[in-house]
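Chemist: Mind looking over this structure? Questions follow.
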Protein chains: 2
Amino acid sequence: MKKFLNDPANFVDEMLEGIYRAHSQVTYVNDDKRCLVVAKPKAGKVGIATGGGSGHLPLFLGYVGDNMLDGCAVGGVFQSPSADQMHEVTKYIDQGAGVLYIYGNYTGDIINFDMAAELADIDGITVKQVIGNDDIASSVVGEEHKRRGVAGIFFVYKAAGAAAANGLSLDEVTRLADKARANVRTIGVALSSCVVPEIGHATFSVGEDEMEIGMGIHGEPGIGRTKLAPADDVVDQMMARVFAELPAGEGDEFAVLVNGLGGTPKEELYILFRRVSQLFEAKGSKVKYVWIGEFATAMEMAGASISVLKLDAELDPLIAAAVNTPFFAHYKA
Amino acid sequence: MKKFLNDPANFVDEMLEGIYRAHSQVTYVNDDKRCLVVAKPKAGKVGIATGGGSGHLPLFLGYVGDNMLDGCAVGGVFQSPSADQMHEVTKYIDQGAGVLYIYGNYTGDIINFDMAAELADIDGITVKQVIGNDDIASSVVGEEHKRRGVAGIFFVYKAAGAAAANGLSLDEVTRLADKARANVRTIGVALSSCVVPEIGHATFSVGEDEMEIGMGIHGEPGIGRTKLAPADDVVDQMMARVFAELPAGEGDEFAVLVNGLGGTPKEELYILFRRVSQLFEAKGSKVKYVWIGEFATAMEMAGASISVLKLDAELDPLIAAAVNTPFFAHYKA
């Protein structure tokens with residue numbers, strides 16, 4: 001195992017200590033480093049919380065900051081945080097306008113966030129939920145509710161964060177977050193496994209000349225193993241599935257996220273984007289906003305995912321809005 | 001070889017095509033994608049150019065943008081760009097105030113930048129040079145001129161970029177860039193090799209339980225192979241060498257860059273930074289600015305480097321200045 005580690009049992013908490021030492025923009029509540037919140041909540045604003053397992057940085061906690069999220073409950077590697085942790089985050093970030101939970105479609109997270117919402121309700125805090133389910137490889141059309149949430153949640157965070165920063169109500173922030181959720185699709189491809197620190201060896205193996213389209217960010221099975229194809233062919237296969245669900249016509253506008261899973265160099269992500277861009281161009285569509293880099297990882301897993309958001313007049317300015325978090329900053333486009 | 005590639009011979013040019021399709025902030029001149037420049041040079045400003053081999057994104061081209069660099073000559077993987085490419089970039093970015101070259105201390109780059117400076121001189125363009133040599137593992141004290149340039153060049157770019165944006169003269173921008181250069185030290189540790197696309201296999205091997213402190217970003221030999229130690233011990237070994245050259249006393253202020261070489265997850269970089277921060281704290285020194293992530297990589301090499309810049313009243317505001325490039329954005333601290 002080639003990792004910078006002390007005791008693997010302390011992996012998450014030492015990582016969090018590093019984060020608090022590095023970034024004064026965030027802090028924690030209830031004397032629990034796993035209850036991460038913005039240091040200065042904005043009075044009167046709808047609060048937005050997320051949460052999930054560790055091992056996916058910048059997901060989930062990296063998006064807590066100006067114009068995005070207000071808090072994050074942090075679980076162990078690939079494990080849900082507890083309902084109590086979510087509840088503590090909720091109490092802190094509520095500014096009287098209610099709280100929206102945005103997280104991925106995983107059973108453990110759903111159970112705990114549901115329980116946290118009930119606890120918040122007892123406190124008199126109104127909570128709404130939007131559950132990311134953008135991974136088109138994880139279930140068929142018509143069964144979208146079974147799909148996993150992956151990197152596309154970035155766009156849901158961005159839309160909701162900007163809407164809340166604009167002073168909209170909880171109902172409106174929820175509606176816009178849900179619209180972003182409904183308009184985003186992601187497909188991934190894995191080339192190698194990651195190593196969970198407490199386990200110490202690869203979670204699965206992919207043959208030296210193989211790839212797996214649709215593999216989940218914890219190693220969940222994808223659509224199938226095939227020989228590793230040239231980059232353009234890989235993108236063509238992936239984007240054919242995206243376009244089948246999210247038609248791109250003349251004049252349509254999109255935001256695209258080409259996300260490295262951890263072990264893939266940025267150079268290769270740009271080679272993938274080159275082809276993605278050509279495909280949109282061929283359809284007469286415009287990629288109006290693009291982010292390329294590591295936004296939702298599986299530690300050192302080699303591979304990439306492509307997330308596509310169809311823009312409209314409401315979503316466009318929310319996606320363009322300036323953002324400043326410890327892991328992600330950009331100026332207004 | 002687990003890479004997203006088409007023809008390996010097109011690796012650099014397809015990557016560049018992806019970059020131009022993604023980022024309208026940059027473009028190229030002389031009909032050569034490897035002559036990358038800002039789309040809108042700022043009139044009257046000192047121009048800043050860099051250059052070097054590909055395979056290190058975001059280095060070098062990723063720092064071309066607002067408040068940093070104006071142009072970059074892009075070489076093949078781990079190869080110097082040509083003097084002609086540097087010259088073309090120089091001609092474009094010169095706005096009458098002269099041009100500063102900032103690049104790393106590698107023979108090929110020096111030869112070509114020297115030749116480009118001579119060509120620019122014939123054009124009547126004044127060129128100055130600052131050559132990064134921050135890698136303390138690559139030569140002993142007293143022979144700093146033999147040291148390689150690595151991730152610490154980030155701070156030189158940042159100081160020079162802000163100075164130029166402030167309207168300072170070429171002499172002043174050069175002086176401040178050189179001051180940053182003289183005040184920064186870097187030490188790296190490699191856990192695994194990278195794979196050069198046109199070669200297709202690992203450049204070198206590091207045993208399953210080994211690490212190499214001081215290895216260069218092209219696989220140049222470091223101080224020696226040892227058993228992979230716990231993360232805190234690794235940092236202690238690295239920082240002992242940094243502190244020997246850059247003493248940290250009560251009240252001293254520093255900027256720190258913890259840089260992933262490519263294959264190491266961000267989680268681990270934060271575990272490393274946790275220890276770095278503890279060491280400065282124990283000395284009564286302050287880490288005033290910190291960046292953690294991938295800033296100078298060797299494609300998929302696993303490993304990390306730590307760069308430390310000693311701040312003073314002149315450097316501080318330059319390091320704090322807001323920056324907006326395709327690969328790096330941050331707001332004023």
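Chains: A, B, ... in order of the structure tokens. Residues: from 1 per chain. Ligands: from 1, in order shown.
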Find the residues around Gly251 of chain B up to 9 Å (only C-alpha atoms counted), leave out those fewer than 3 positions away in its own chain, and share them as a list of chain:residue names.
Modeler: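 In the requested form, the answer reads B:Ala248, B:Lys283, B:Gly284, B:Ser285, B:Lys286.
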Chemist: Got time to write the residues from that selection, all heavy atoms, as a CSV table (one decimal), in the first residue's frame?
Modeler:
chain,number,residue,atom,x,y,z
B,248,ALA,N,12.9,28.8,10.9
B,248,ALA,CA,11.6,29.3,11.3
B,248,ALA,C,11.6,29.7,12.8
B,248,ALA,O,11.8,28.8,13.6
B,248,ALA,CB,10.5,28.3,11.0
B,283,LYS,N,7.4,25.8,16.5
B,283,LYS,CA,8.5,26.8,16.4
B,283,LYS,C,8.0,28.2,16.7
B,283,LYS,O,8.8,29.2,16.6
B,283,LYS,CB,9.2,26.7,15.1
B,283,LYS,CG,10.0,25.5,14.9
B,283,LYS,CD,10.6,25.4,13.5
B,283,LYS,CE,11.4,24.1,13.3
B,283,LYS,NZ,12.7,24.2,14.1
B,284,GLY,N,6.7,28.4,16.9
B,284,GLY,CA,6.1,29.7,17.1
B,284,GLY,C,6.0,30.5,15.8
B,284,GLY,O,5.8,31.7,15.8
B,285,SER,N,6.1,29.8,14.7
B,285,SER,CA,5.9,30.5,13.4
B,285,SER,C,4.5,30.3,12.9
B,285,SER,O,3.8,29.4,13.3
B,285,SER,CB,6.9,29.8,12.4
B,285,SER,OG,8.2,30.0,12.8
B,286,LYS,N,4.2,31.2,11.9
B,286,LYS,CA,2.8,31.2,11.4
B,286,LYS,C,2.8,30.8,9.9
B,286,LYS,O,3.5,31.3,9.1
B,286,LYS,CB,2.2,32.5,11.5
B,286,LYS,CG,0.8,32.6,11.0
B,286,LYS,CD,0.2,34.0,11.3
B,286,LYS,CE,-1.3,34.1,10.7
B,286,LYS,NZ,-1.8,35.4,10.8
Chemist: Given a cut-off of 6 Å, which residues of chain A touch chain B, counting only C-alpha atoms, written out as a VMD selection string?
Modeler: chain A and resid 4 to 6 14 to 15 18 230 to 231 263 265 267 to 268 270 to 271 273 to 274 299 to 300 329 to 330
Chemist: I need the residues from that last selection saved to file as an mmCIF file, in the first residue's frame (with N, CA and C atoms), if you can.
Modeler:
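Written out: part_38.cif:
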data_model
loop_
_atom_site.group_PDB
_atom_site.id
_atom_site.type_symbol
_atom_site.label_atom_id
_atom_site.label_comp_id
_atom_site.auth_asym_id
_atom_site.auth_seq_id
_atom_site.Cartn_x
_atom_site.Cartn_y
_atom_site.Cartn_z
ATOM 1 N N PHE A 4 0.545 7.816 2.205
ATOM 2 C CA PHE A 4 1.040 8.607 3.326
ATOM 3 C C PHE A 4 0.024 8.487 4.454
ATOM 4 N N LEU A 5 0.351 7.677 5.440
ATOM 5 C CA LEU A 5 -0.575 7.352 6.510
ATOM 6 C C LEU A 5 0.168 7.263 7.814
ATOM 7 N N ASN A 6 -0.525 7.557 8.900
ATOM 8 C CA ASN A 6 -0.053 7.149 10.215
ATOM 9 C C ASN A 6 -0.867 5.900 10.555
ATOM 10 N N GLU A 14 -7.337 12.678 10.980
ATOM 11 C CA GLU A 14 -6.107 13.441 10.690
ATOM 12 C C GLU A 14 -6.263 14.281 9.423
ATOM 13 N N MET A 15 -6.959 13.719 8.442
ATOM 14 C CA MET A 15 -7.249 14.516 7.245
ATOM 15 C C MET A 15 -8.054 15.758 7.635
ATOM 16 N N GLY A 18 -6.003 18.376 9.241
ATOM 17 C CA GLY A 18 -5.291 19.129 8.202
ATOM 18 C C GLY A 18 -6.174 20.174 7.554
ATOM 19 N N PRO A 230 -9.137 3.402 -27.563
ATOM 20 C CA PRO A 230 -8.579 4.752 -27.700
ATOM 21 C C PRO A 230 -9.498 5.783 -27.041
ATOM 22 N N ALA A 231 -8.910 6.858 -26.569
ATOM 23 C CA ALA A 231 -9.648 7.860 -25.788
ATOM 24 C C ALA A 231 -10.903 8.342 -26.511
ATOM 25 N N GLY A 263 -6.463 8.994 -9.911
ATOM 26 C CA GLY A 263 -5.154 8.583 -10.403
ATOM 27 C C GLY A 263 -4.881 8.946 -11.852
ATOM 28 N N PRO A 265 -4.028 11.572 -14.779
ATOM 29 C CA PRO A 265 -3.459 12.917 -14.943
ATOM 30 C C PRO A 265 -4.417 13.888 -15.646
ATOM 31 N N GLU A 267 -3.713 15.909 -17.906
ATOM 32 C CA GLU A 267 -3.473 15.889 -19.347
ATOM 33 C C GLU A 267 -4.507 15.016 -20.059
ATOM 34 N N GLU A 268 -4.760 13.844 -19.471
ATOM 35 C CA GLU A 268 -5.694 12.911 -20.107
ATOM 36 C C GLU A 268 -7.131 13.413 -20.041
ATOM 37 N N TYR A 270 -8.023 16.424 -20.343
ATOM 38 C CA TYR A 270 -8.169 17.384 -21.438
ATOM 39 C C TYR A 270 -8.288 16.671 -22.786
ATOM 40 N N ILE A 271 -7.622 15.533 -22.929
ATOM 41 C CA ILE A 271 -7.781 14.741 -24.157
ATOM 42 C C ILE A 271 -9.224 14.230 -24.251
ATOM 43 N N PHE A 273 -11.857 15.755 -22.848
ATOM 44 C CA PHE A 273 -12.723 16.909 -23.093
ATOM 45 C C PHE A 273 -12.676 17.340 -24.551
ATOM 46 N N ARG A 274 -11.506 17.245 -25.140
ATOM 47 C CA ARG A 274 -11.377 17.587 -26.567
ATOM 48 C C ARG A 274 -12.444 16.864 -27.375
ATOM 49 N N MET A 299 -10.282 8.303 -4.135
ATOM 50 C CA MET A 299 -8.872 8.263 -3.746
ATOM 51 C C MET A 299 -7.963 8.094 -4.968
ATOM 52 N N GLU A 300 -7.215 7.007 -5.057
ATOM 53 C CA GLU A 300 -6.265 6.902 -6.173
ATOM 54 C C GLU A 300 -6.810 6.156 -7.383
ATOM 55 N N ALA A 329 -12.695 27.503 -6.270
ATOM 56 C CA ALA A 329 -12.970 28.933 -6.412
ATOM 57 C C ALA A 329 -13.107 29.237 -7.892
ATOM 58 N N HIS A 330 -14.074 30.040 -8.202
ATOM 59 C CA HIS A 330 -14.040 30.594 -9.551
ATOM 60 C C HIS A 330 -14.768 31.920 -9.569
#
Chemist: Can you tell me, as a count of residues only, what residues are no more than 7 Å from segment 82-89 of chain B when counting only C-alpha atoms, ignoring any on the same chain fewer than 3 positions away?
Modeler: 14
Chemist: Would you give me, as an MDAnalysis selection string, the residues in segment 166-328 of chain A that DSSP reads as strand (DSSP E or B)?
Modeler: chainID A and resid 184:190 195 202 210:213 224:227 253:260 286:293 303:310 323:325 328
Chemist: Do a neighbour search on Ala137 of chain B at 12 Å with only C-alpha atoms, toss out local chain neighbours closer than 4 positions, and write the hits as an MDAnalysis selection string.
Modeler: chainID B and resid 133 141 143:144 146:150 185:189 212:217 220:224 237:242 245 305:306
Chemist: Could you give me, as a list in words, each residue of segment 18-96 of chain A that DSSP assigns to alpha helix (DSSP H) when run on this structure's backbone?
Modeler: Gly18, Ile19, Tyr20, Arg21, Ala22, Ala83, Asp84, Gln85, Met86, His87, Glu88, Val89, Thr90, Lys91, Tyr92 and Ile93 of chain A
Chemist: Suppose you want the space between atom CA of Ala182 of chain A and atom CA of Leu309 of chain A; what is it in Å?
Modeler: 9.0 Å
Chemist: Between atom CA of Ser80 of chain B and atom CA of Ile125 of chain B, what is the distance, to one decimal in Å?
Modeler: 22.2 Å
Chemist: Please determine, counting only C-alpha atoms, which residue among B:Ala117, B:Val26, B:Ala165, B:Val99 has the shortest atom-to-atom distance to Ala322 of chain B.
Modeler: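 Using only C-alpha atoms, Ala322 of chain B sits closest to B:Ala165.
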